[in-house]
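Input: a single structure, listed below in structure tokens.
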Amino acid sequence: MKKILLFLFILHATTVVAQNKDYLLSTDGIGPIKLGMSLTDLEKLLQKKITLKVIDIDSVVLVETIKTKYKGIDVEIDLIKRQDYIAVDGISTKSPLCKTKSGIGIGATKLQVIAAYDGYHIDARPDYTEDGDKLIKSKNKSSITVKEDREGYAIVFSLLNNKVTSFSIYPIYDDEE
């Protein structure tokens, strides 16, 4: 009996670890959904055909955002038309199942995010809203952008009252060079 319980515990623990990798947030993406992956690979991963409403229909528009589900969580995926293919260019979610390797997830505090990414490029700032010609600083909304280097892929943590409410992952490059 003890061996059976031990076996079931190990099986359950292995399943939980495998599931967590599906929702692991990194600067590259969420689990196996990675920035730069092709639309074809994304469709295989999601196991469904994605119908584009703008890209390939309007020759001027090169970007599109789709809303879909991945393993039971809602995600928004930004697509961009490149020269030879369509690729993932951004990923966003509000799912509490998604966490970083260091355990940062929905509800984490501003200080926890900053402490978890010591040594990274961090940009913490309040959000602003437009009121005619004026920008008004939000009293309770802010964001923290975390990058491994000055340019490249980044995680943006959106905060409300200094608590994480959502994540976005996308490339940040300085086009002014």
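Identifiers for the structure tokens are assigned positionally: chains receive A, B, ... in sequence, residues are indexed from 1 per chain, and ligands are indexed from 1 in the order shown.
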
Taking only residues of stretch 57-111 of chain A that have an atom at most 12 Å from an atom of stretch 158-161 of chain A, what is each one's shortest atom pair and its distance in Å to one decimal, using only C-alpha atoms, in chain and number order, as a Markdown table?
```
| residue | atom | partner | partner_atom | distance |
| --- | --- | --- | --- | --- |
| A:Ser92 | CA | A:Ser158 | CA | 10.4 |
| A:Thr93 | CA | A:Ser158 | CA | 10.5 |
| A:Lys94 | CA | A:Ser158 | CA | 9.5 |
| A:Gly105 | CA | A:Ser158 | CA | 10.9 |
| A:Ile106 | CA | A:Leu159 | CA | 9.2 |
| A:Gly107 | CA | A:Leu159 | CA | 8.8 |
| A:Ala108 | CA | A:Leu159 | CA | 9.1 |
| A:Thr109 | CA | A:Leu159 | CA | 8.3 |
| A:Lys110 | CA | A:Leu159 | CA | 7.6 |
| A:Leu111 | CA | A:Leu159 | CA | 11.4 |
```

For those residues, write N, CA, C and O atoms to a file as a CSV table (one decimal), in the first residue's frame.
```csv
chain,number,residue,atom,x,y,z
A,92,SER,N,0.7,38.1,-24.7
A,92,SER,CA,0.2,38.7,-23.4
A,92,SER,C,-0.8,37.7,-22.8
A,92,SER,O,-1.5,37.0,-23.4
A,93,THR,N,-0.8,37.8,-21.4
A,93,THR,CA,-1.8,37.0,-20.7
A,93,THR,C,-2.0,37.6,-19.3
A,93,THR,O,-1.2,38.4,-18.8
A,94,LYS,N,-3.1,37.3,-18.7
A,94,LYS,CA,-3.5,37.6,-17.3
A,94,LYS,C,-3.6,36.4,-16.4
A,94,LYS,O,-4.1,36.5,-15.3
A,105,GLY,N,4.5,35.9,-10.4
A,105,GLY,CA,3.2,35.7,-11.1
A,105,GLY,C,2.2,36.8,-10.8
A,105,GLY,O,2.6,37.8,-10.1
A,106,ILE,N,1.0,36.6,-11.1
A,106,ILE,CA,-0.1,37.5,-10.8
A,106,ILE,C,-0.2,37.7,-9.3
A,106,ILE,O,-0.1,36.7,-8.5
A,107,GLY,N,-0.2,38.9,-8.8
A,107,GLY,CA,-0.3,39.2,-7.4
A,107,GLY,C,1.1,39.5,-6.8
A,107,GLY,O,1.2,40.0,-5.7
A,108,ALA,N,2.2,39.2,-7.5
A,108,ALA,CA,3.5,39.6,-7.0
A,108,ALA,C,3.6,41.1,-6.9
A,108,ALA,O,3.0,41.8,-7.6
A,109,THR,N,4.4,41.5,-5.9
A,109,THR,CA,4.6,43.0,-5.7
A,109,THR,C,5.7,43.5,-6.6
A,109,THR,O,6.5,42.8,-7.1
A,110,LYS,N,5.7,44.8,-6.7
A,110,LYS,CA,6.7,45.6,-7.5
A,110,LYS,C,8.1,45.2,-6.9
A,110,LYS,O,9.0,45.0,-7.7
A,111,LEU,N,8.3,45.2,-5.6
A,111,LEU,CA,9.6,44.9,-5.0
A,111,LEU,C,10.0,43.5,-5.3
A,111,LEU,O,11.2,43.2,-5.5
```

(message) If we count only C-alpha atoms and set the cut-off at 10 Å, which residues sit around stretch 112-121 of chain A, ignoring sequence neighbours fewer than 6 positions away in its own chain? Please answer as a PyMOL selection string.
(response) chain A and resi 100-105+144-151+154+157+163-164

Please dump the current selection as a PDB file, in the first residue's frame; keep N, CA, C and O atoms.
```pdb
ATOM      1  N   THR A 100       7.208  33.113 -13.619  1.00  0.00           N
ATOM      2  CA  THR A 100       8.596  33.068 -14.046  1.00  0.00           C
ATOM      3  C   THR A 100       9.311  31.951 -13.299  1.00  0.00           C
ATOM      4  O   THR A 100       8.768  31.379 -12.348  1.00  0.00           O
ATOM      5  N   LYS A 101      10.532  31.659 -13.700  1.00  0.00           N
ATOM      6  CA  LYS A 101      11.326  30.624 -13.044  1.00  0.00           C
ATOM      7  C   LYS A 101      11.492  30.920 -11.547  1.00  0.00           C
ATOM      8  O   LYS A 101      11.535  30.013 -10.723  1.00  0.00           O
ATOM      9  N   SER A 102      11.555  32.200 -11.197  1.00  0.00           N
ATOM     10  CA  SER A 102      11.719  32.582  -9.790  1.00  0.00           C
ATOM     11  C   SER A 102      10.388  32.713  -9.053  1.00  0.00           C
ATOM     12  O   SER A 102      10.354  33.142  -7.903  1.00  0.00           O
ATOM     13  N   GLY A 103       9.277  32.349  -9.701  1.00  0.00           N
ATOM     14  CA  GLY A 103       7.977  32.320  -9.030  1.00  0.00           C
ATOM     15  C   GLY A 103       7.166  33.598  -9.119  1.00  0.00           C
ATOM     16  O   GLY A 103       6.132  33.719  -8.471  1.00  0.00           O
ATOM     17  N   ILE A 104       7.598  34.561  -9.914  1.00  0.00           N
ATOM     18  CA  ILE A 104       6.847  35.808 -10.047  1.00  0.00           C
ATOM     19  C   ILE A 104       5.625  35.548 -10.924  1.00  0.00           C
ATOM     20  O   ILE A 104       5.739  35.043 -12.040  1.00  0.00           O
ATOM     21  N   GLY A 105       4.458  35.905 -10.396  1.00  0.00           N
ATOM     22  CA  GLY A 105       3.210  35.706 -11.125  1.00  0.00           C
ATOM     23  C   GLY A 105       2.210  36.787 -10.764  1.00  0.00           C
ATOM     24  O   GLY A 105       2.557  37.796 -10.142  1.00  0.00           O
ATOM     25  N   ILE A 144       6.649  47.431 -15.200  1.00  0.00           N
ATOM     26  CA  ILE A 144       8.071  47.140 -15.040  1.00  0.00           C
ATOM     27  C   ILE A 144       8.499  46.353 -16.267  1.00  0.00           C
ATOM     28  O   ILE A 144       7.942  45.297 -16.559  1.00  0.00           O
ATOM     29  N   THR A 145       9.471  46.885 -16.993  1.00  0.00           N
ATOM     30  CA  THR A 145      10.019  46.202 -18.161  1.00  0.00           C
ATOM     31  C   THR A 145      11.351  45.583 -17.763  1.00  0.00           C
ATOM     32  O   THR A 145      12.210  46.259 -17.215  1.00  0.00           O
ATOM     33  N   VAL A 146      11.498  44.281 -18.049  1.00  0.00           N
ATOM     34  CA  VAL A 146      12.712  43.540 -17.702  1.00  0.00           C
ATOM     35  C   VAL A 146      13.328  42.990 -18.976  1.00  0.00           C
ATOM     36  O   VAL A 146      12.646  42.308 -19.748  1.00  0.00           O
ATOM     37  N   LYS A 147      14.622  43.326 -19.216  1.00  0.00           N
ATOM     38  CA  LYS A 147      15.349  42.838 -20.390  1.00  0.00           C
ATOM     39  C   LYS A 147      16.693  42.288 -19.934  1.00  0.00           C
ATOM     40  O   LYS A 147      17.258  42.765 -18.953  1.00  0.00           O
ATOM     41  N   GLU A 148      17.193  41.314 -20.666  1.00  0.00           N
ATOM     42  CA  GLU A 148      18.513  40.781 -20.355  1.00  0.00           C
ATOM     43  C   GLU A 148      19.616  41.733 -20.803  1.00  0.00           C
ATOM     44  O   GLU A 148      20.691  41.750 -20.238  1.00  0.00           O
ATOM     45  N   ASP A 149      19.350  42.509 -21.844  1.00  0.00           N
ATOM     46  CA  ASP A 149      20.334  43.436 -22.390  1.00  0.00           C
ATOM     47  C   ASP A 149      19.608  44.733 -22.737  1.00  0.00           C
ATOM     48  O   ASP A 149      18.395  44.842 -22.554  1.00  0.00           O
ATOM     49  N   ARG A 150      20.324  45.697 -23.261  1.00  0.00           N
ATOM     50  CA  ARG A 150      19.701  46.986 -23.601  1.00  0.00           C
ATOM     51  C   ARG A 150      18.601  46.820 -24.645  1.00  0.00           C
ATOM     52  O   ARG A 150      17.624  47.545 -24.648  1.00  0.00           O
ATOM     53  N   GLU A 151      18.785  45.897 -25.552  1.00  0.00           N
ATOM     54  CA  GLU A 151      17.796  45.605 -26.587  1.00  0.00           C
ATOM     55  C   GLU A 151      17.519  44.118 -26.578  1.00  0.00           C
ATOM     56  O   GLU A 151      18.317  43.324 -26.095  1.00  0.00           O
ATOM     57  N   ALA A 154      11.775  41.231 -24.023  1.00  0.00           N
ATOM     58  CA  ALA A 154      11.501  41.764 -22.693  1.00  0.00           C
ATOM     59  C   ALA A 154      10.186  41.220 -22.154  1.00  0.00           C
ATOM     60  O   ALA A 154       9.280  40.882 -22.915  1.00  0.00           O
ATOM     61  N   PHE A 157       5.716  43.648 -16.981  1.00  0.00           N
ATOM     62  CA  PHE A 157       4.775  43.343 -15.914  1.00  0.00           C
ATOM     63  C   PHE A 157       3.881  44.568 -15.732  1.00  0.00           C
ATOM     64  O   PHE A 157       4.378  45.653 -15.431  1.00  0.00           O
ATOM     65  N   LYS A 163       0.848  45.671  -7.588  1.00  0.00           N
ATOM     66  CA  LYS A 163       0.715  44.217  -7.707  1.00  0.00           C
ATOM     67  C   LYS A 163       0.568  43.849  -9.184  1.00  0.00           C
ATOM     68  O   LYS A 163      -0.162  44.508  -9.936  1.00  0.00           O
ATOM     69  N   VAL A 164       1.256  42.787  -9.608  1.00  0.00           N
ATOM     70  CA  VAL A 164       1.222  42.347 -11.005  1.00  0.00           C
ATOM     71  C   VAL A 164      -0.186  41.882 -11.376  1.00  0.00           C
ATOM     72  O   VAL A 164      -0.788  41.076 -10.659  1.00  0.00           O
TER      73      VAL A 164
END
```

(message) At a cut-off of 12 Å, using only C-alpha atoms, what residues contact A:Ile50? Leave out same-chain residues fewer than 3 positions from it and give the result as an MDAnalysis selection string.
(response) chainID A and resid 38:47 53:55 64:69 77 79 86

Same residues, N, CA, C and O atoms, saved as a PDB file, in the first residue's frame:
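again_25.pdb written:
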```pdb
ATOM      1  N   SER A  38       7.117  30.636 -36.207  1.00  0.00           N
ATOM      2  CA  SER A  38       6.283  30.850 -37.386  1.00  0.00           C
ATOM      3  C   SER A  38       4.813  30.561 -37.083  1.00  0.00           C
ATOM      4  O   SER A  38       4.489  29.827 -36.143  1.00  0.00           O
ATOM      5  N   LEU A  39       3.935  31.140 -37.874  1.00  0.00           N
ATOM      6  CA  LEU A  39       2.502  30.893 -37.743  1.00  0.00           C
ATOM      7  C   LEU A  39       2.204  29.412 -37.901  1.00  0.00           C
ATOM      8  O   LEU A  39       1.376  28.855 -37.175  1.00  0.00           O
ATOM      9  N   THR A  40       2.889  28.752 -38.801  1.00  0.00           N
ATOM     10  CA  THR A  40       2.698  27.311 -39.014  1.00  0.00           C
ATOM     11  C   THR A  40       3.014  26.530 -37.742  1.00  0.00           C
ATOM     12  O   THR A  40       2.240  25.654 -37.332  1.00  0.00           O
ATOM     13  N   ASP A  41       4.143  26.855 -37.102  1.00  0.00           N
ATOM     14  CA  ASP A  41       4.515  26.171 -35.850  1.00  0.00           C
ATOM     15  C   ASP A  41       3.526  26.495 -34.732  1.00  0.00           C
ATOM     16  O   ASP A  41       3.207  25.645 -33.908  1.00  0.00           O
ATOM     17  N   LEU A  42       3.032  27.738 -34.691  1.00  0.00           N
ATOM     18  CA  LEU A  42       2.050  28.130 -33.685  1.00  0.00           C
ATOM     19  C   LEU A  42       0.758  27.341 -33.867  1.00  0.00           C
ATOM     20  O   LEU A  42       0.185  26.853 -32.882  1.00  0.00           O
ATOM     21  N   GLU A  43       0.309  27.187 -35.114  1.00  0.00           N
ATOM     22  CA  GLU A  43      -0.905  26.410 -35.381  1.00  0.00           C
ATOM     23  C   GLU A  43      -0.729  24.956 -34.958  1.00  0.00           C
ATOM     24  O   GLU A  43      -1.647  24.353 -34.395  1.00  0.00           O
ATOM     25  N   LYS A  44       0.440  24.380 -35.199  1.00  0.00           N
ATOM     26  CA  LYS A  44       0.706  23.003 -34.765  1.00  0.00           C
ATOM     27  C   LYS A  44       0.648  22.904 -33.245  1.00  0.00           C
ATOM     28  O   LYS A  44       0.072  21.968 -32.703  1.00  0.00           O
ATOM     29  N   LEU A  45       1.245  23.874 -32.558  1.00  0.00           N
ATOM     30  CA  LEU A  45       1.263  23.866 -31.100  1.00  0.00           C
ATOM     31  C   LEU A  45      -0.147  24.010 -30.525  1.00  0.00           C
ATOM     32  O   LEU A  45      -0.528  23.296 -29.603  1.00  0.00           O
ATOM     33  N   LEU A  46      -0.919  24.939 -31.077  1.00  0.00           N
ATOM     34  CA  LEU A  46      -2.283  25.169 -30.600  1.00  0.00           C
ATOM     35  C   LEU A  46      -3.265  24.123 -31.119  1.00  0.00           C
ATOM     36  O   LEU A  46      -4.396  24.041 -30.648  1.00  0.00           O
ATOM     37  N   GLN A  47      -2.849  23.371 -32.103  1.00  0.00           N
ATOM     38  CA  GLN A  47      -3.667  22.340 -32.750  1.00  0.00           C
ATOM     39  C   GLN A  47      -4.953  22.911 -33.335  1.00  0.00           C
ATOM     40  O   GLN A  47      -6.036  22.359 -33.189  1.00  0.00           O
ATOM     41  N   LYS A  53      -7.417  38.028 -40.219  1.00  0.00           N
ATOM     42  CA  LYS A  53      -8.429  38.968 -40.678  1.00  0.00           C
ATOM     43  C   LYS A  53      -7.829  40.194 -41.353  1.00  0.00           C
ATOM     44  O   LYS A  53      -8.531  40.927 -42.037  1.00  0.00           O
ATOM     45  N   VAL A  54      -6.522  40.420 -41.155  1.00  0.00           N
ATOM     46  CA  VAL A  54      -5.897  41.619 -41.700  1.00  0.00           C
ATOM     47  C   VAL A  54      -4.669  41.280 -42.546  1.00  0.00           C
ATOM     48  O   VAL A  54      -4.577  41.690 -43.690  1.00  0.00           O
ATOM     49  N   ILE A  55      -3.733  40.537 -41.954  1.00  0.00           N
ATOM     50  CA  ILE A  55      -2.514  40.181 -42.687  1.00  0.00           C
ATOM     51  C   ILE A  55      -2.903  39.344 -43.901  1.00  0.00           C
ATOM     52  O   ILE A  55      -3.741  38.463 -43.818  1.00  0.00           O
ATOM     53  N   GLU A  64      -1.011  41.892 -36.738  1.00  0.00           N
ATOM     54  CA  GLU A  64      -2.357  41.489 -36.332  1.00  0.00           C
ATOM     55  C   GLU A  64      -2.275  40.836 -34.964  1.00  0.00           C
ATOM     56  O   GLU A  64      -1.290  40.173 -34.644  1.00  0.00           O
ATOM     57  N   THR A  65      -3.296  41.044 -34.148  1.00  0.00           N
ATOM     58  CA  THR A  65      -3.368  40.413 -32.836  1.00  0.00           C
ATOM     59  C   THR A  65      -4.505  39.408 -32.840  1.00  0.00           C
ATOM     60  O   THR A  65      -5.618  39.722 -33.278  1.00  0.00           O
ATOM     61  N   ILE A  66      -4.210  38.211 -32.362  1.00  0.00           N
ATOM     62  CA  ILE A  66      -5.248  37.182 -32.251  1.00  0.00           C
ATOM     63  C   ILE A  66      -5.438  36.846 -30.776  1.00  0.00           C
ATOM     64  O   ILE A  66      -4.504  36.931 -29.980  1.00  0.00           O
ATOM     65  N   LYS A  67      -6.664  36.483 -30.422  1.00  0.00           N
ATOM     66  CA  LYS A  67      -6.971  36.007 -29.076  1.00  0.00           C
ATOM     67  C   LYS A  67      -7.263  34.522 -29.198  1.00  0.00           C
ATOM     68  O   LYS A  67      -8.034  34.111 -30.056  1.00  0.00           O
ATOM     69  N   THR A  68      -6.609  33.732 -28.331  1.00  0.00           N
ATOM     70  CA  THR A  68      -6.781  32.294 -28.402  1.00  0.00           C
ATOM     71  C   THR A  68      -6.589  31.688 -27.021  1.00  0.00           C
ATOM     72  O   THR A  68      -6.299  32.392 -26.060  1.00  0.00           O
ATOM     73  N   LYS A  69      -6.766  30.395 -26.934  1.00  0.00           N
ATOM     74  CA  LYS A  69      -6.509  29.661 -25.694  1.00  0.00           C
ATOM     75  C   LYS A  69      -5.324  28.733 -25.912  1.00  0.00           C
ATOM     76  O   LYS A  69      -5.165  28.159 -26.978  1.00  0.00           O
ATOM     77  N   ILE A  77      -1.852  37.007 -28.914  1.00  0.00           N
ATOM     78  CA  ILE A  77      -0.601  36.819 -29.643  1.00  0.00           C
ATOM     79  C   ILE A  77      -0.546  37.822 -30.785  1.00  0.00           C
ATOM     80  O   ILE A  77      -1.460  37.896 -31.604  1.00  0.00           O
ATOM     81  N   LEU A  79       1.059  38.988 -34.187  1.00  0.00           N
ATOM     82  CA  LEU A  79       1.730  38.401 -35.345  1.00  0.00           C
ATOM     83  C   LEU A  79       2.269  39.515 -36.226  1.00  0.00           C
ATOM     84  O   LEU A  79       1.691  40.598 -36.289  1.00  0.00           O
ATOM     85  N   ILE A  86       4.956  34.541 -41.590  1.00  0.00           N
ATOM     86  CA  ILE A  86       4.311  35.287 -40.506  1.00  0.00           C
ATOM     87  C   ILE A  86       4.829  34.711 -39.198  1.00  0.00           C
ATOM     88  O   ILE A  86       4.894  33.494 -39.032  1.00  0.00           O
TER      89      ILE A  86
END
```

Enumerate, as a JSON list (two decimals) with C-alpha atoms, in the first residue's frame, the complete set of residues in stretch 41-142 of chain A that a backbone-based DSSP assignment places in strand (DSSP E or B).
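Okay, out.json is ready:
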```json
[["chain", "number", "residue", "atom", "x", "y", "z"],
["A", 63, "VAL", "CA", 0.63, 43.16, -37.95],
["A", 64, "GLU", "CA", -2.36, 41.49, -36.33],
["A", 65, "THR", "CA", -3.37, 40.41, -32.84],
["A", 66, "ILE", "CA", -5.25, 37.18, -32.25],
["A", 67, "LYS", "CA", -6.97, 36.01, -29.08],
["A", 68, "THR", "CA", -6.78, 32.29, -28.40],
["A", 69, "LYS", "CA", -6.51, 29.66, -25.69],
["A", 70, "TYR", "CA", -3.39, 27.68, -24.88],
["A", 73, "ILE", "CA", -5.41, 29.97, -20.49],
["A", 74, "ASP", "CA", -6.38, 33.04, -22.51],
["A", 75, "VAL", "CA", -3.51, 34.57, -24.50],
["A", 76, "GLU", "CA", -3.21, 37.40, -26.97],
["A", 77, "ILE", "CA", -0.60, 36.82, -29.64],
["A", 78, "ASP", "CA", 0.76, 39.56, -31.88],
["A", 79, "LEU", "CA", 1.73, 38.40, -35.35],
["A", 80, "ILE", "CA", 3.95, 40.21, -37.82],
["A", 81, "LYS", "CA", 4.40, 39.55, -41.52],
["A", 86, "ILE", "CA", 4.31, 35.29, -40.51],
["A", 87, "ALA", "CA", 5.83, 35.15, -37.01],
["A", 88, "VAL", "CA", 4.89, 35.65, -33.36],
["A", 89, "ASP", "CA", 5.96, 39.15, -32.30],
["A", 90, "GLY", "CA", 4.32, 39.47, -28.88],
["A", 91, "ILE", "CA", 2.46, 37.44, -26.25],
["A", 92, "SER", "CA", 0.20, 38.68, -23.42],
["A", 93, "THR", "CA", -1.79, 36.99, -20.67],
["A", 99, "LYS", "CA", 4.93, 32.33, -13.49],
["A", 100, "THR", "CA", 8.60, 33.07, -14.05],
["A", 105, "GLY", "CA", 3.21, 35.71, -11.12],
["A", 109, "THR", "CA", 4.60, 42.97, -5.70],
["A", 121, "HIS", "CA", 17.90, 45.95, -17.30],
["A", 122, "ILE", "CA", 14.83, 47.12, -15.39],
["A", 123, "ASP", "CA", 12.60, 50.07, -16.24],
["A", 124, "ALA", "CA", 9.89, 50.75, -13.65],
["A", 125, "ARG", "CA", 7.57, 53.63, -14.43],
["A", 126, "PRO", "CA", 4.02, 54.88, -13.86],
["A", 127, "ASP", "CA", 1.43, 54.67, -16.63],
["A", 128, "TYR", "CA", 0.08, 57.83, -18.23],
["A", 129, "THR", "CA", -3.27, 58.66, -19.81],
["A", 130, "GLU", "CA", -4.00, 61.40, -22.31],
["A", 131, "ASP", "CA", -6.36, 64.22, -21.46],
["A", 134, "LYS", "CA", -1.82, 66.76, -21.45],
["A", 135, "LEU", "CA", -0.40, 63.52, -20.10],
["A", 136, "ILE", "CA", -1.69, 62.61, -16.66],
["A", 137, "LYS", "CA", 0.38, 60.30, -14.45],
["A", 138, "SER", "CA", -1.61, 57.40, -13.02],
["A", 139, "LYS", "CA", -1.70, 57.14, -9.24],
["A", 140, "ASN", "CA", -2.19, 53.37, -9.17],
["A", 141, "LYS", "CA", -1.10, 51.88, -12.54],
["A", 142, "SER", "CA", 2.50, 51.22, -13.50]]
```

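Of note, atom CA of A:Gly72 and atom CA of A:Phe167 are spaced 16.6 Å apart.
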
(request) Tell me, in Å to one decimal, how far atom CA of A:Arg82 is from atom CA of A:Leu35. (result)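 One can read the atom CA of A:Arg82 to atom CA of A:Leu35 distance as 13.0 Å.
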
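Each of A:Pro96, A:Gly152, A:Gly132, A:Gln83 was compared to A:Ser166 using only C-alpha atoms, and A:Pro96 turns out to be the nearest.
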
(message) So the first atom is atom CA of A:Val156 and the second is atom CA of A:Ser95; what is the distance between them in Å, to one decimal place?
(response)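 Taking atom CA of A:Val156 and atom CA of A:Ser95, their separation equals 14.3 Å.
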
(request) For A:Tyr23, please output as a list in words all residues within 7 Å (counting only C-alpha atoms; exclusion window: fewer than 5 positions along the same chain). (result)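 What passes the distance filter is Ile30, Gly31, Leu97, Cys98 and Lys99 of chain A.
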
Could you please take those selected residues and save C-alpha atoms as a compact mmCIF listing (two decimals), in the first residue's frame?
```
# COMPACT_ATOMS: atom_id res chain seq x y z
CA ILE A 30 5.31 31.50 -22.45
CA GLY A 31 6.17 27.82 -22.30
CA LEU A 97 -1.03 29.90 -13.89
CA CYS A 98 1.86 31.70 -15.60
CA LYS A 99 4.93 32.33 -13.49
```

Sel. of alpha helix (DSSP H) residues, stretch 28-152 of chain A, as a short mmCIF file (atom, residue, chain, number, x, y, z; two decimals) with all heavy atoms, in the first residue's frame:
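Final file, out-v4.cif:
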```cif
data_model
loop_
_atom_site.label_atom_id
_atom_site.label_comp_id
_atom_site.auth_asym_id
_atom_site.auth_seq_id
_atom_site.Cartn_x
_atom_site.Cartn_y
_atom_site.Cartn_z
N LEU A 39 3.94 31.14 -37.87
CA LEU A 39 2.50 30.89 -37.74
C LEU A 39 2.20 29.41 -37.90
O LEU A 39 1.38 28.86 -37.17
CB LEU A 39 1.73 31.72 -38.77
CG LEU A 39 0.21 31.52 -38.79
CD1 LEU A 39 -0.41 31.91 -37.45
CD2 LEU A 39 -0.41 32.33 -39.92
N THR A 40 2.89 28.75 -38.80
CA THR A 40 2.70 27.31 -39.01
C THR A 40 3.01 26.53 -37.74
O THR A 40 2.24 25.65 -37.33
CB THR A 40 3.59 26.82 -40.18
OG1 THR A 40 3.33 27.62 -41.33
CG2 THR A 40 3.34 25.36 -40.49
N ASP A 41 4.14 26.85 -37.10
CA ASP A 41 4.51 26.17 -35.85
C ASP A 41 3.53 26.49 -34.73
O ASP A 41 3.21 25.64 -33.91
CB ASP A 41 5.93 26.55 -35.42
CG ASP A 41 6.99 25.97 -36.34
OD1 ASP A 41 6.69 25.00 -37.08
OD2 ASP A 41 8.13 26.47 -36.33
N LEU A 42 3.03 27.74 -34.69
CA LEU A 42 2.05 28.13 -33.69
C LEU A 42 0.76 27.34 -33.87
O LEU A 42 0.19 26.85 -32.88
CB LEU A 42 1.77 29.64 -33.77
CG LEU A 42 0.76 30.20 -32.78
CD1 LEU A 42 1.25 30.04 -31.35
CD2 LEU A 42 0.46 31.66 -33.10
N GLU A 43 0.31 27.19 -35.11
CA GLU A 43 -0.90 26.41 -35.38
C GLU A 43 -0.73 24.96 -34.96
O GLU A 43 -1.65 24.35 -34.39
CB GLU A 43 -1.27 26.50 -36.86
CG GLU A 43 -1.79 27.86 -37.27
CD GLU A 43 -2.03 27.99 -38.76
OE1 GLU A 43 -1.34 27.31 -39.56
OE2 GLU A 43 -2.91 28.79 -39.14
N LYS A 44 0.44 24.38 -35.20
CA LYS A 44 0.71 23.00 -34.76
C LYS A 44 0.65 22.90 -33.25
O LYS A 44 0.07 21.97 -32.70
CB LYS A 44 2.08 22.54 -35.25
CG LYS A 44 2.15 22.23 -36.72
CD LYS A 44 3.56 21.82 -37.12
CE LYS A 44 3.72 21.78 -38.62
NZ LYS A 44 5.11 21.58 -39.03
N LEU A 45 1.24 23.87 -32.56
CA LEU A 45 1.26 23.87 -31.10
C LEU A 45 -0.15 24.01 -30.53
O LEU A 45 -0.53 23.30 -29.60
CB LEU A 45 2.16 25.00 -30.58
CG LEU A 45 2.27 25.13 -29.07
CD1 LEU A 45 3.01 23.94 -28.48
CD2 LEU A 45 2.97 26.42 -28.70
N LEU A 46 -0.92 24.94 -31.08
CA LEU A 46 -2.28 25.17 -30.60
C LEU A 46 -3.27 24.12 -31.12
O LEU A 46 -4.40 24.04 -30.65
CB LEU A 46 -2.76 26.57 -31.01
CG LEU A 46 -1.97 27.75 -30.46
CD1 LEU A 46 -2.49 29.05 -31.06
CD2 LEU A 46 -2.04 27.79 -28.94
N LYS A 110 5.70 44.85 -6.70
CA LYS A 110 6.71 45.57 -7.46
C LYS A 110 8.11 45.24 -6.95
O LYS A 110 9.02 44.96 -7.73
CB LYS A 110 6.43 47.07 -7.35
CG LYS A 110 7.34 47.96 -8.12
CD LYS A 110 6.88 49.41 -7.93
CE LYS A 110 7.65 50.35 -8.81
NZ LYS A 110 7.14 51.72 -8.70
N LEU A 111 8.28 45.24 -5.63
CA LEU A 111 9.58 44.95 -5.04
C LEU A 111 10.02 43.50 -5.30
O LEU A 111 11.20 43.24 -5.50
CB LEU A 111 9.58 45.26 -3.54
CG LEU A 111 9.44 46.74 -3.19
CD1 LEU A 111 9.37 46.93 -1.68
CD2 LEU A 111 10.56 47.56 -3.79
N GLN A 112 9.08 42.55 -5.30
CA GLN A 112 9.42 41.16 -5.61
C GLN A 112 9.93 41.03 -7.05
O GLN A 112 10.88 40.30 -7.30
CB GLN A 112 8.21 40.25 -5.39
CG GLN A 112 7.85 40.03 -3.94
CD GLN A 112 6.54 39.28 -3.77
OE1 GLN A 112 5.58 39.50 -4.51
NE2 GLN A 112 6.50 38.41 -2.78
N VAL A 113 9.29 41.73 -7.99
CA VAL A 113 9.72 41.68 -9.39
C VAL A 113 11.13 42.25 -9.51
O VAL A 113 12.02 41.63 -10.12
CB VAL A 113 8.74 42.45 -10.31
CG1 VAL A 113 9.30 42.53 -11.73
CG2 VAL A 113 7.37 41.80 -10.31
N ILE A 114 11.35 43.40 -8.92
CA ILE A 114 12.67 44.04 -9.02
C ILE A 114 13.75 43.17 -8.37
O ILE A 114 14.83 43.00 -8.94
CB ILE A 114 12.62 45.46 -8.39
CG1 ILE A 114 11.73 46.36 -9.27
CG2 ILE A 114 14.01 46.04 -8.23
CD1 ILE A 114 11.38 47.70 -8.65
N ALA A 115 13.45 42.59 -7.23
CA ALA A 115 14.43 41.73 -6.55
C ALA A 115 14.72 40.47 -7.36
O ALA A 115 15.86 40.00 -7.40
CB ALA A 115 13.93 41.36 -5.15
N ALA A 116 13.70 39.92 -8.01
CA ALA A 116 13.88 38.68 -8.78
C ALA A 116 14.75 38.90 -10.01
O ALA A 116 15.35 37.95 -10.52
CB ALA A 116 12.52 38.11 -9.19
#
```

(request) For each of A:Tyr85, A:Lys34, A:Leu62, A:Tyr153, take the minimum atom-to-atom distance to A:Ile172, counting only C-alpha atoms, then give the residue where this is smallest. (result)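 The answer is A:Tyr153, which sits nearest to A:Ile172.
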